[in-house]
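J.: What follows is run-v4.pdb; its format and atoms are PDB, C-alpha atoms.
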```pdb
ATOM      1  CA  MET U 828      51.171  88.320  21.602  1.00  0.00           C
ATOM      2  CA  ARG U 829      51.860  84.811  22.948  1.00  0.00           C
ATOM      3  CA  GLN U 830      55.219  84.752  21.139  1.00  0.00           C
ATOM      4  CA  LEU U 831      56.121  88.124  22.666  1.00  0.00           C
ATOM      5  CA  ILE U 832      55.261  86.888  26.177  1.00  0.00           C
ATOM      6  CA  VAL U 833      57.345  83.744  25.672  1.00  0.00           C
ATOM      7  CA  PHE U 834      60.239  85.886  24.423  1.00  0.00           C
ATOM      8  CA  PHE U 835      60.249  88.030  27.571  1.00  0.00           C
ATOM      9  CA  ILE U 836      60.088  84.930  29.779  1.00  0.00           C
ATOM     10  CA  ILE U 837      63.142  83.578  27.973  1.00  0.00           C
ATOM     11  CA  LEU U 838      64.989  86.874  28.453  1.00  0.00           C
ATOM     12  CA  LEU U 839      64.249  86.691  32.165  1.00  0.00           C
ATOM     13  CA  ASN U 840      65.616  83.156  32.261  1.00  0.00           C
ATOM     14  CA  PHE U 841      68.754  84.362  30.458  1.00  0.00           C
ATOM     15  CA  GLU U 842      69.252  87.188  32.941  1.00  0.00           C
ATOM     16  CA  GLN U 843      68.519  85.429  36.224  1.00  0.00           C
ATOM     17  CA  VAL U 844      71.856  83.628  36.408  1.00  0.00           C
ATOM     18  CA  ASP U 845      74.952  85.831  36.007  1.00  0.00           C
ATOM     19  CA  ALA U 846      73.563  87.867  33.113  1.00  0.00           C
ATOM     20  CA  HIS U 847      76.963  88.618  31.542  1.00  0.00           C
ATOM     21  CA  VAL U 848      79.895  86.936  29.827  1.00  0.00           C
ATOM     22  CA  GLY U 849      80.441  84.842  32.968  1.00  0.00           C
ATOM     23  CA  HIS U 850      77.942  82.424  31.469  1.00  0.00           C
ATOM     24  CA  ASN U 851      80.711  81.405  29.086  1.00  0.00           C
ATOM     25  CA  LYS U 852      83.443  81.095  31.738  1.00  0.00           C
ATOM     26  CA  ASN U 853      84.073  77.454  30.841  1.00  0.00           C
ATOM     27  CA  LEU U 854      84.678  78.211  27.163  1.00  0.00           C
ATOM     28  CA  GLN U 855      88.220  78.228  25.816  1.00  0.00           C
ATOM     29  CA  ASN U 856      87.561  78.114  22.090  1.00  0.00           C
ATOM     30  CA  LEU U 857      84.838  78.043  19.444  1.00  0.00           C
ATOM     31  CA  SER U 858      85.554  77.216  15.814  1.00  0.00           C
ATOM     32  CA  PHE U 859      83.142  77.557  12.891  1.00  0.00           C
ATOM     33  CA  ASP U 860      83.274  76.682   9.218  1.00  0.00           C
ATOM     34  CA  ILE U 861      81.684  79.354   7.034  1.00  0.00           C
ATOM     35  CA  TYR U 862      79.539  78.377   4.050  1.00  0.00           C
ATOM     36  CA  ARG U 863      78.049  80.635   1.384  1.00  0.00           C
ATOM     37  CA  ASN U 864      75.108  79.284  -0.593  1.00  0.00           C
ATOM     38  CA  GLY U 865      76.121  75.785   0.479  1.00  0.00           C
ATOM     39  CA  ALA U 866      79.791  76.035  -0.542  1.00  0.00           C
ATOM     40  CA  TYR U 867      82.676  76.200   1.934  1.00  0.00           C
ATOM     41  CA  ALA U 868      84.061  79.742   2.124  1.00  0.00           C
ATOM     42  CA  GLY U 869      86.303  79.973   5.210  1.00  0.00           C
ATOM     43  CA  PHE U 870      86.401  79.951   8.994  1.00  0.00           C
ATOM     44  CA  HIS U 871      85.744  81.929  12.177  1.00  0.00           C
ATOM     45  CA  THR U 872      87.576  81.149  15.420  1.00  0.00           C
ATOM     46  CA  ILE U 873      86.849  82.629  18.848  1.00  0.00           C
ATOM     47  CA  ASP U 874      89.411  82.272  21.654  1.00  0.00           C
ATOM     48  CA  PHE U 875      88.704  83.132  25.295  1.00  0.00           C
ATOM     49  CA  ASN U 876      91.510  84.159  27.656  1.00  0.00           C
ATOM     50  CA  TRP U 877      90.059  84.249  31.186  1.00  0.00           C
ATOM     51  CA  GLY U 878      91.644  86.183  34.039  1.00  0.00           C
ATOM     52  CA  LYS U 879      91.604  84.895  37.603  1.00  0.00           C
ATOM     53  CA  ASP U 880      89.240  87.716  38.574  1.00  0.00           C
ATOM     54  CA  GLY U 881      86.657  86.710  35.943  1.00  0.00           C
ATOM     55  CA  SER U 882      87.707  89.255  33.334  1.00  0.00           C
ATOM     56  CA  VAL U 883      88.132  87.953  29.806  1.00  0.00           C
ATOM     57  CA  GLU U 884      89.757  88.812  26.493  1.00  0.00           C
ATOM     58  CA  VAL U 885      87.967  87.430  23.438  1.00  0.00           C
ATOM     59  CA  LYS U 886      89.788  87.210  20.116  1.00  0.00           C
ATOM     60  CA  ASN U 887      87.859  86.739  16.869  1.00  0.00           C
ATOM     61  CA  VAL U 888      89.615  85.716  13.652  1.00  0.00           C
ATOM     62  CA  ILE U 889      87.615  85.514  10.424  1.00  0.00           C
ATOM     63  CA  GLU U 890      88.864  84.536   6.985  1.00  0.00           C
ATOM     64  CA  PHE U 891      86.845  83.618   3.922  1.00  0.00           C
ATOM     65  CA  GLY U 892      86.760  83.955   0.172  1.00  0.00           C
ATOM     66  CA  VAL U 893      84.166  83.754  -2.581  1.00  0.00           C
ATOM     67  CA  LYS U 894      84.953  81.810  -5.718  1.00  0.00           C
ATOM     68  CA  LYS U 895      83.452  81.722  -9.192  1.00  0.00           C
ATOM     69  CA  LEU U 896      84.480  79.082 -11.696  1.00  0.00           C
ATOM     70  CA  GLY U 897      87.222  78.060  -9.278  1.00  0.00           C
ATOM     71  CA  ILE U 898      88.720  81.559  -9.122  1.00  0.00           C
ATOM     72  CA  THR U 899      88.652  83.543  -5.878  1.00  0.00           C
ATOM     73  CA  PHE U 900      87.332  87.014  -6.701  1.00  0.00           C
ATOM     74  CA  TYR U 901      86.618  88.195  -3.157  1.00  0.00           C
ATOM     75  CA  LYS U 902      88.738  87.840   0.006  1.00  0.00           C
ATOM     76  CA  TYR U 903      88.003  88.873   3.558  1.00  0.00           C
ATOM     77  CA  GLN U 904      90.189  88.838   6.680  1.00  0.00           C
ATOM     78  CA  SER U 905      89.399  90.298  10.084  1.00  0.00           C
ATOM     79  CA  VAL U 906      90.895  90.194  13.584  1.00  0.00           C
ATOM     80  CA  GLY U 907      89.080  91.693  16.555  1.00  0.00           C
ATOM     81  CA  THR U 908      89.658  91.656  20.321  1.00  0.00           C
ATOM     82  CA  GLU U 909      87.022  92.317  22.983  1.00  0.00           C
ATOM     83  CA  THR U 910      87.956  92.918  26.646  1.00  0.00           C
ATOM     84  CA  TYR U 911      85.450  92.596  29.500  1.00  0.00           C
ATOM     85  CA  ASP U 912      85.930  93.304  33.195  1.00  0.00           C
ATOM     86  CA  ALA U 913      85.014  90.917  36.021  1.00  0.00           C
ATOM     87  CA  ALA U 914      81.443  92.259  36.003  1.00  0.00           C
ATOM     88  CA  GLY U 915      81.081  91.375  32.333  1.00  0.00           C
ATOM     89  CA  LYS U 916      81.171  94.975  31.098  1.00  0.00           C
ATOM     90  CA  LEU U 917      82.897  95.761  27.817  1.00  0.00           C
ATOM     91  CA  VAL U 918      85.902  97.974  28.532  1.00  0.00           C
ATOM     92  CA  ASN U 919      87.477  98.103  25.082  1.00  0.00           C
ATOM     93  CA  PHE U 920      87.386  96.631  21.615  1.00  0.00           C
ATOM     94  CA  ASN U 921      89.555  96.944  18.540  1.00  0.00           C
ATOM     95  CA  SER U 922      89.529  95.335  15.123  1.00  0.00           C
ATOM     96  CA  ASN U 923      91.220  95.597  11.753  1.00  0.00           C
ATOM     97  CA  THR U 924      89.728  94.193   8.586  1.00  0.00           C
ATOM     98  CA  ASP U 925      90.850  93.705   4.996  1.00  0.00           C
ATOM     99  CA  ASP U 926      87.619  93.678   3.011  1.00  0.00           C
ATOM    100  CA  ASN U 927      88.864  92.594  -0.409  1.00  0.00           C
ATOM    101  CA  GLY U 928      91.626  95.189  -0.301  1.00  0.00           C
ATOM    102  CA  LYS U 929      89.612  97.877   1.510  1.00  0.00           C
ATOM    103  CA  PRO U 930      90.888  98.538   5.065  1.00  0.00           C
ATOM    104  CA  LYS U 931      88.231  98.898   7.767  1.00  0.00           C
ATOM    105  CA  PHE U 932      88.547  99.339  11.516  1.00  0.00           C
ATOM    106  CA  CYS U 933      86.652  99.733  14.775  1.00  0.00           C
ATOM    107  CA  ASN U 934      87.932 100.957  18.148  1.00  0.00           C
ATOM    108  CA  ILE U 935      85.744 101.290  21.258  1.00  0.00           C
ATOM    109  CA  ASP U 936      86.865 102.440  24.716  1.00  0.00           C
ATOM    110  CA  LEU U 937      84.861 102.828  27.912  1.00  0.00           C
ATOM    111  CA  LYS U 938      85.383 106.272  29.461  1.00  0.00           C
ATOM    112  CA  LYS U 939      83.485 106.561  32.768  1.00  0.00           C
ATOM    113  CA  ASP U 940      79.783 106.213  31.835  1.00  0.00           C
ATOM    114  CA  LYS U 941      80.097 106.404  28.053  1.00  0.00           C
ATOM    115  CA  TYR U 942      81.906 104.779  25.169  1.00  0.00           C
ATOM    116  CA  GLU U 943      84.219 106.587  22.812  1.00  0.00           C
ATOM    117  CA  VAL U 944      83.882 105.055  19.363  1.00  0.00           C
ATOM    118  CA  ASN U 945      86.204 105.499  16.409  1.00  0.00           C
ATOM    119  CA  GLY U 946      85.516 103.437  13.330  1.00  0.00           C
ATOM    120  CA  THR U 947      85.068 103.418   9.589  1.00  0.00           C
ATOM    121  CA  LYS U 948      81.310 104.052   9.816  1.00  0.00           C
ATOM    122  CA  PHE U 949      80.906 105.835  13.160  1.00  0.00           C
ATOM    123  CA  LYS U 950      82.948 108.180  15.294  1.00  0.00           C
ATOM    124  CA  GLY U 951      81.798 109.784  18.527  1.00  0.00           C
ATOM    125  CA  GLU U 952      80.302 109.022  21.939  1.00  0.00           C
ATOM    126  CA  PHE U 953      77.728 106.284  22.438  1.00  0.00           C
ATOM    127  CA  LYS U 954      75.731 105.897  25.651  1.00  0.00           C
ATOM    128  CA  LYS U 955      72.879 103.564  24.653  1.00  0.00           C
ATOM    129  CA  PRO U 956      72.874  99.818  25.524  1.00  0.00           C
ATOM    130  CA  PHE U 957      74.697  97.815  22.852  1.00  0.00           C
ATOM    131  CA  LEU U 958      76.908  94.819  22.197  1.00  0.00           C
ATOM    132  CA  ILE U 959      79.526  94.025  19.560  1.00  0.00           C
ATOM    133  CA  SER U 960      78.148  92.083  16.591  1.00  0.00           C
ATOM    134  CA  SER U 961      80.325  89.013  17.155  1.00  0.00           C
ATOM    135  CA  TYR U 962      77.240  87.026  18.315  1.00  0.00           C
ATOM    136  CA  TRP U 963      79.051  84.607  20.643  1.00  0.00           C
ATOM    137  CA  ASN U 964      77.577  86.564  23.568  1.00  0.00           C
ATOM    138  CA  HIS U 965      73.948  85.454  24.022  1.00  0.00           C
ATOM    139  CA  ASP U 966      73.136  88.823  25.630  1.00  0.00           C
ATOM    140  CA  ILE U 967      73.070  90.196  22.064  1.00  0.00           C
ATOM    141  CA  VAL U 968      69.345  89.329  22.116  1.00  0.00           C
ATOM    142  CA  THR U 969      68.698  91.632  25.105  1.00  0.00           C
ATOM    143  CA  VAL U 970      70.022  94.953  23.760  1.00  0.00           C
ATOM    144  CA  PRO U 971      68.394  97.440  21.349  1.00  0.00           C
ATOM    145  CA  TYR U 972      71.591  98.233  19.433  1.00  0.00           C
ATOM    146  CA  GLN U 973      74.610  96.434  18.042  1.00  0.00           C
ATOM    147  CA  LEU U 974      77.859  97.987  16.857  1.00  0.00           C
ATOM    148  CA  SER U 975      79.574  96.342  13.936  1.00  0.00           C
ATOM    149  CA  GLY U 976      82.813  94.704  14.953  1.00  0.00           C
ATOM    150  CA  ILE U 977      84.147  95.630  11.512  1.00  0.00           C
ATOM    151  CA  THR U 978      83.266  99.316  11.023  1.00  0.00           C
ATOM    152  CA  CYS U 979      81.599 100.436  14.312  1.00  0.00           C
ATOM    153  CA  LYS U 980      78.376 100.995  12.341  1.00  0.00           C
ATOM    154  CA  VAL U 981      75.445 101.440  14.742  1.00  0.00           C
ATOM    155  CA  THR U 982      72.401  99.290  13.979  1.00  0.00           C
ATOM    156  CA  GLU U 983      69.108  99.377  15.833  1.00  0.00           C
ATOM    157  CA  GLN U 984      67.930  95.789  16.022  1.00  0.00           C
ATOM    158  CA  LYS U 985      64.641  93.972  16.514  1.00  0.00           C
ATOM    159  CA  VAL U 986      64.939  90.570  18.173  1.00  0.00           C
ATOM    160  CA  SER U 987      62.277  87.861  18.030  1.00  0.00           C
ATOM    161  CA  PHE U 988      62.239  84.454  19.657  1.00  0.00           C
ATOM    162  CA  ILE U 989      61.535  81.790  17.019  1.00  0.00           C
ATOM    163  CA  LYS U 990      61.526  78.415  18.766  1.00  0.00           C
ATOM    164  CA  GLU U 991      63.266  75.881  20.955  1.00  0.00           C
ATOM    165  CA  GLU U 992      64.985  73.195  18.924  1.00  0.00           C
ATOM    166  CA  ASP U 993      67.081  70.069  19.393  1.00  0.00           C
ATOM    167  CA  PHE U 994      70.051  70.869  17.183  1.00  0.00           C
ATOM    168  CA  LYS U 995      72.319  67.981  16.191  1.00  0.00           C
ATOM    169  CA  LYS U 996      75.990  68.709  15.609  1.00  0.00           C
ATOM    170  CA  LEU U 997      79.353  67.077  16.413  1.00  0.00           C
ATOM    171  CA  ASP U 998      77.633  63.768  17.238  1.00  0.00           C
ATOM    172  CA  GLN U 999      75.612  65.360  20.010  1.00  0.00           C
ATOM    173  CA  THR U1000      72.303  67.112  20.476  1.00  0.00           C
ATOM    174  CA  PHE U1001      72.169  70.674  21.768  1.00  0.00           C
ATOM    175  CA  LYS U1002      68.925  71.936  23.248  1.00  0.00           C
ATOM    176  CA  THR U1003      68.826  75.387  21.702  1.00  0.00           C
ATOM    177  CA  ARG U1004      66.819  78.566  21.651  1.00  0.00           C
ATOM    178  CA  VAL U1005      66.621  80.198  18.238  1.00  0.00           C
ATOM    179  CA  PHE U1006      66.369  83.955  17.753  1.00  0.00           C
ATOM    180  CA  ASP U1007      65.770  86.141  14.718  1.00  0.00           C
ATOM    181  CA  ILE U1008      67.635  89.473  14.638  1.00  0.00           C
ATOM    182  CA  LYS U1009      66.728  92.117  12.086  1.00  0.00           C
ATOM    183  CA  GLY U1010      67.664  95.720  11.335  1.00  0.00           C
ATOM    184  CA  LYS U1011      68.831  97.864   8.455  1.00  0.00           C
ATOM    185  CA  ASP U1012      71.023  95.581   6.301  1.00  0.00           C
ATOM    186  CA  LEU U1013      70.720  92.971   9.081  1.00  0.00           C
ATOM    187  CA  ASP U1014      68.939  89.624   8.803  1.00  0.00           C
ATOM    188  CA  THR U1015      70.316  86.754  10.885  1.00  0.00           C
ATOM    189  CA  GLN U1016      69.156  83.797  12.962  1.00  0.00           C
ATOM    190  CA  VAL U1017      71.187  82.492  15.892  1.00  0.00           C
ATOM    191  CA  TRP U1018      71.059  79.184  17.822  1.00  0.00           C
ATOM    192  CA  PHE U1019      72.165  79.316  21.485  1.00  0.00           C
ATOM    193  CA  ASP U1020      72.653  76.222  23.626  1.00  0.00           C
ATOM    194  CA  GLN U1021      70.362  76.485  26.661  1.00  0.00           C
ATOM    195  CA  LYS U1022      72.812  74.873  29.078  1.00  0.00           C
ATOM    196  CA  THR U1023      76.079  76.648  28.252  1.00  0.00           C
ATOM    197  CA  ARG U1024      74.608  79.712  26.474  1.00  0.00           C
ATOM    198  CA  MET U1025      77.213  79.285  23.744  1.00  0.00           C
ATOM    199  CA  ILE U1026      76.390  79.882  20.098  1.00  0.00           C
ATOM    200  CA  VAL U1027      76.199  76.643  18.105  1.00  0.00           C
ATOM    201  CA  HIS U1028      74.899  77.829  14.725  1.00  0.00           C
ATOM    202  CA  GLN U1029      74.168  80.989  12.766  1.00  0.00           C
ATOM    203  CA  VAL U1030      72.554  81.843   9.437  1.00  0.00           C
ATOM    204  CA  LEU U1031      72.959  85.266   7.801  1.00  0.00           C
ATOM    205  CA  HIS U1032      71.258  86.628   4.695  1.00  0.00           C
ATOM    206  CA  ARG U1033      73.307  89.237   2.841  1.00  0.00           C
ATOM    207  CA  LYS U1034      74.307  88.824  -0.777  1.00  0.00           C
ATOM    208  CA  GLY U1035      73.550  85.137  -0.413  1.00  0.00           C
ATOM    209  CA  LYS U1036      72.934  82.725   2.437  1.00  0.00           C
ATOM    210  CA  TRP U1037      75.800  82.400   4.906  1.00  0.00           C
ATOM    211  CA  GLU U1038      75.992  79.628   7.487  1.00  0.00           C
ATOM    212  CA  TYR U1039      78.330  79.396  10.467  1.00  0.00           C
ATOM    213  CA  LYS U1040      78.565  75.681  11.259  1.00  0.00           C
ATOM    214  CA  LEU U1041      80.154  74.645  14.543  1.00  0.00           C
ATOM    215  CA  LYS U1042      83.362  72.730  13.814  1.00  0.00           C
ATOM    216  CA  SER U1043      84.695  72.324  17.352  1.00  0.00           C
ATOM    217  CA  TYR U1044      84.647  73.796  20.846  1.00  0.00           C
ATOM    218  CA  LYS U1045      86.756  73.423  23.943  1.00  0.00           C
ATOM    219  CA  LEU U1046      85.692  73.798  27.559  1.00  0.00           C
ATOM    220  CA  ASN U1047      87.786  74.303  30.681  1.00  0.00           C
ATOM    221  CA  LYS U1048      87.770  71.189  32.809  1.00  0.00           C
TER     222      LYS U1048
END
```
Kindly return the structure encoded in the file as structure tokens.
T.:
Amino acid sequence: MRQLIVFFIILLNFEQVDAHVGHNKNLQNLSFDIYRNGAYAGFHTIDFNWGKDGSVEVKNVIEFGVKKLGITFYKYQSVGTETYDAAGKLVNFNSNTDDNGKPKFCNIDLKKDKYEVNGTKFKGEFKKPFLISSYWNHDIVTVPYQLSGITCKVTEQKVSFIKEEDFKKLDQTFKTRVFDIKGKDLDTQVWFDQKTRMIVHQVLHRKGKWEYKLKSYKLNK
């Protein structure tokens, strides 16, 4: 019960100051190295293109491969673009993915008070609160659903606050809040910097242990 109370207090703290993507308005770029079971596998870059009115376009590029005995037997490439208005509301999203030769896609468009979704795993209208599963947006811990940025698959998620932690990376110490997010075929932990709200680390468990290690970031001056 105490952990639950602390979690809701933290959510309130997250939402009191511009509870939308505006928290990240100083971010230009995030870059992560991806590791699987301790071995380097690829990269994930996130670029932010901010409009003068506070709107933003966020481009995600992911590439990785899995090797065995020095031979790459699995390759993955994905490009996705999220667009948010000045109020921080998602207005559209589109992605295309090559999952080891299997094409996958996800398209989401805001139409008045609902979203029209067309993807590999889901097609139709969606009105419930959700965010895209790109995880850079700390508000992911405040919604009951996430839509896969790869296939548009809808996942109901359960979020738990784990701890506050001083996380050392890039020769500096980030004061982070760590959250556990679980759902069907979903098991991940995410570290968010308390000051900037940006993601600084992520661990996923799916056919091995995957780590997203912060390689670099760039802020607007």
J.: Of the residues U:Ala868, U:Gly1035, U:Lys1002, U:Lys886, which is the one nearest to U:Tyr901, using all atoms listed in the file?
T.: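 With all atoms listed in the file as the atom set, the closest residue is U:Ala868.
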J.: Rank U:Asn921, U:Asn876, U:Ser987, U:Asn945 by their smallest atom-to-atom distance to U:Lys852, using only C-alpha atoms, and report the top residue only.
T.: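 Comparing U:Asn921, U:Asn876, U:Ser987, U:Asn945 against U:Lys852, the winner is U:Asn876.
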J.: Find the residues with any atom within 7 Å of (78.9, 82.5, 3.7); use only C-alpha atoms and the coordinates as given in the file, and write the answer as a list in words.
T.: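 Those residues, ordered by chain and then number, are Ile861, Tyr862, Arg863, Asn864, Ala868, Lys1036, Trp1037 and Glu1038 of chain U.
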J.: Could you list the residues chosen by the PyMOL selection byres ((chain U and resi 967-982) around 8) in this structure as a ChimeraX atom specification?
T.: /U:838,905,907,921-924,931-934,944-950,955-962,964-966,983-986,1006,1008,1010-1011
J.: Find the residue from U:Asp912, U:Glu943, U:Asp1012, U:Asp874 that sits nearest to U:Trp963; use all atoms listed in the file when measuring.
T.: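 Selected residue with least distance to U:Trp963: U:Asp874.
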J.: I would like the residues chosen by the PyMOL selection byres ((chain U and resi 937) around 10) on the shown file; could you give them as a PyMOL selection string?
T.: chain U and resi 916-920+935-936+938-944+952-954
J.: May I have the selected residues written with C-alpha atoms, as a PDB file, in the frame of the given file?
T.:
```
ATOM      1  CA  LYS U 916      81.171  94.975  31.098  1.00  0.00           C
ATOM      2  CA  LEU U 917      82.897  95.761  27.817  1.00  0.00           C
ATOM      3  CA  VAL U 918      85.902  97.974  28.532  1.00  0.00           C
ATOM      4  CA  ASN U 919      87.477  98.103  25.082  1.00  0.00           C
ATOM      5  CA  PHE U 920      87.386  96.631  21.615  1.00  0.00           C
ATOM      6  CA  ILE U 935      85.744 101.290  21.258  1.00  0.00           C
ATOM      7  CA  ASP U 936      86.865 102.440  24.716  1.00  0.00           C
ATOM      8  CA  LYS U 938      85.383 106.272  29.461  1.00  0.00           C
ATOM      9  CA  LYS U 939      83.485 106.561  32.768  1.00  0.00           C
ATOM     10  CA  ASP U 940      79.783 106.213  31.835  1.00  0.00           C
ATOM     11  CA  LYS U 941      80.097 106.404  28.053  1.00  0.00           C
ATOM     12  CA  TYR U 942      81.906 104.779  25.169  1.00  0.00           C
ATOM     13  CA  GLU U 943      84.219 106.587  22.812  1.00  0.00           C
ATOM     14  CA  VAL U 944      83.882 105.055  19.363  1.00  0.00           C
ATOM     15  CA  GLU U 952      80.302 109.022  21.939  1.00  0.00           C
ATOM     16  CA  PHE U 953      77.728 106.284  22.438  1.00  0.00           C
ATOM     17  CA  LYS U 954      75.731 105.897  25.651  1.00  0.00           C
TER      18      LYS U 954
END
```
J.: Mind listing whatever residues come within 12 Å of the point (74.4, 69.2, 21.8)? Use all atoms listed in the file, file coordinates, and give them as a CSV table (one decimal) with C-alpha atoms, keeping the file's coordinate frame.
T.:
```csv
chain,number,residue,atom,x,y,z
U,992,GLU,CA,65.0,73.2,18.9
U,993,ASP,CA,67.1,70.1,19.4
U,994,PHE,CA,70.1,70.9,17.2
U,995,LYS,CA,72.3,68.0,16.2
U,996,LYS,CA,76.0,68.7,15.6
U,997,LEU,CA,79.4,67.1,16.4
U,998,ASP,CA,77.6,63.8,17.2
U,999,GLN,CA,75.6,65.4,20.0
U,1000,THR,CA,72.3,67.1,20.5
U,1001,PHE,CA,72.2,70.7,21.8
U,1002,LYS,CA,68.9,71.9,23.2
U,1003,THR,CA,68.8,75.4,21.7
U,1018,TRP,CA,71.1,79.2,17.8
U,1019,PHE,CA,72.2,79.3,21.5
U,1020,ASP,CA,72.7,76.2,23.6
U,1021,GLN,CA,70.4,76.5,26.7
U,1022,LYS,CA,72.8,74.9,29.1
U,1023,THR,CA,76.1,76.6,28.3
U,1024,ARG,CA,74.6,79.7,26.5
U,1025,MET,CA,77.2,79.3,23.7
U,1026,ILE,CA,76.4,79.9,20.1
U,1027,VAL,CA,76.2,76.6,18.1
U,1028,HIS,CA,74.9,77.8,14.7
U,1041,LEU,CA,80.2,74.6,14.5
U,1043,SER,CA,84.7,72.3,17.4
U,1044,TYR,CA,84.6,73.8,20.8
```
J.: Can you measure atom CA of U:Leu896 to atom CA of U:Ser858 for me? One decimal in Å is fine.
T.: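 According to the coordinates, atom CA of U:Leu896 and atom CA of U:Ser858 are separated by 27.6 Å.
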J.: Quick check, in Å to one decimal: how far apart do atom CA of U:Asn1047 and atom CA of U:Phe870 lie?
T.: 22.5 Å
J.: Please evaluate the PyMOL selection byres ((chain U and resi 990) around 8) against the displayed coordinates and give the resulting residues as a ChimeraX atom specification.
T.: /U:988-989,991-992,1004-1006
J.: Given all atoms listed in the file as the basis, pick out the residue of U:Gln904, U:Thr1015, U:Thr872, U:Thr910 nearest to U:Gln855.
T.: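 Checking each of U:Gln904, U:Thr1015, U:Thr872, U:Thr910 against U:Gln855, counting all atoms listed in the file, the winner is U:Thr872.
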J.: Calculate how many Å separate atom CA of U:Lys1009 from atom CA of U:Glu884, rounding to one decimal.
T.: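 Interatomic distance here is 27.4 Å.
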J.: Output, as JSON, the centre and edge lengths in Å (one decimal) of the axis-aligned box that contains all listed atoms of stretch 885-900 of chain U with 8 Å of margin on each side.
T.:
```
{"center_x": 86.6, "center_y": 82.7, "center_z": 5.9, "size_x": 22.3, "size_y": 25.4, "size_z": 51.1}
```
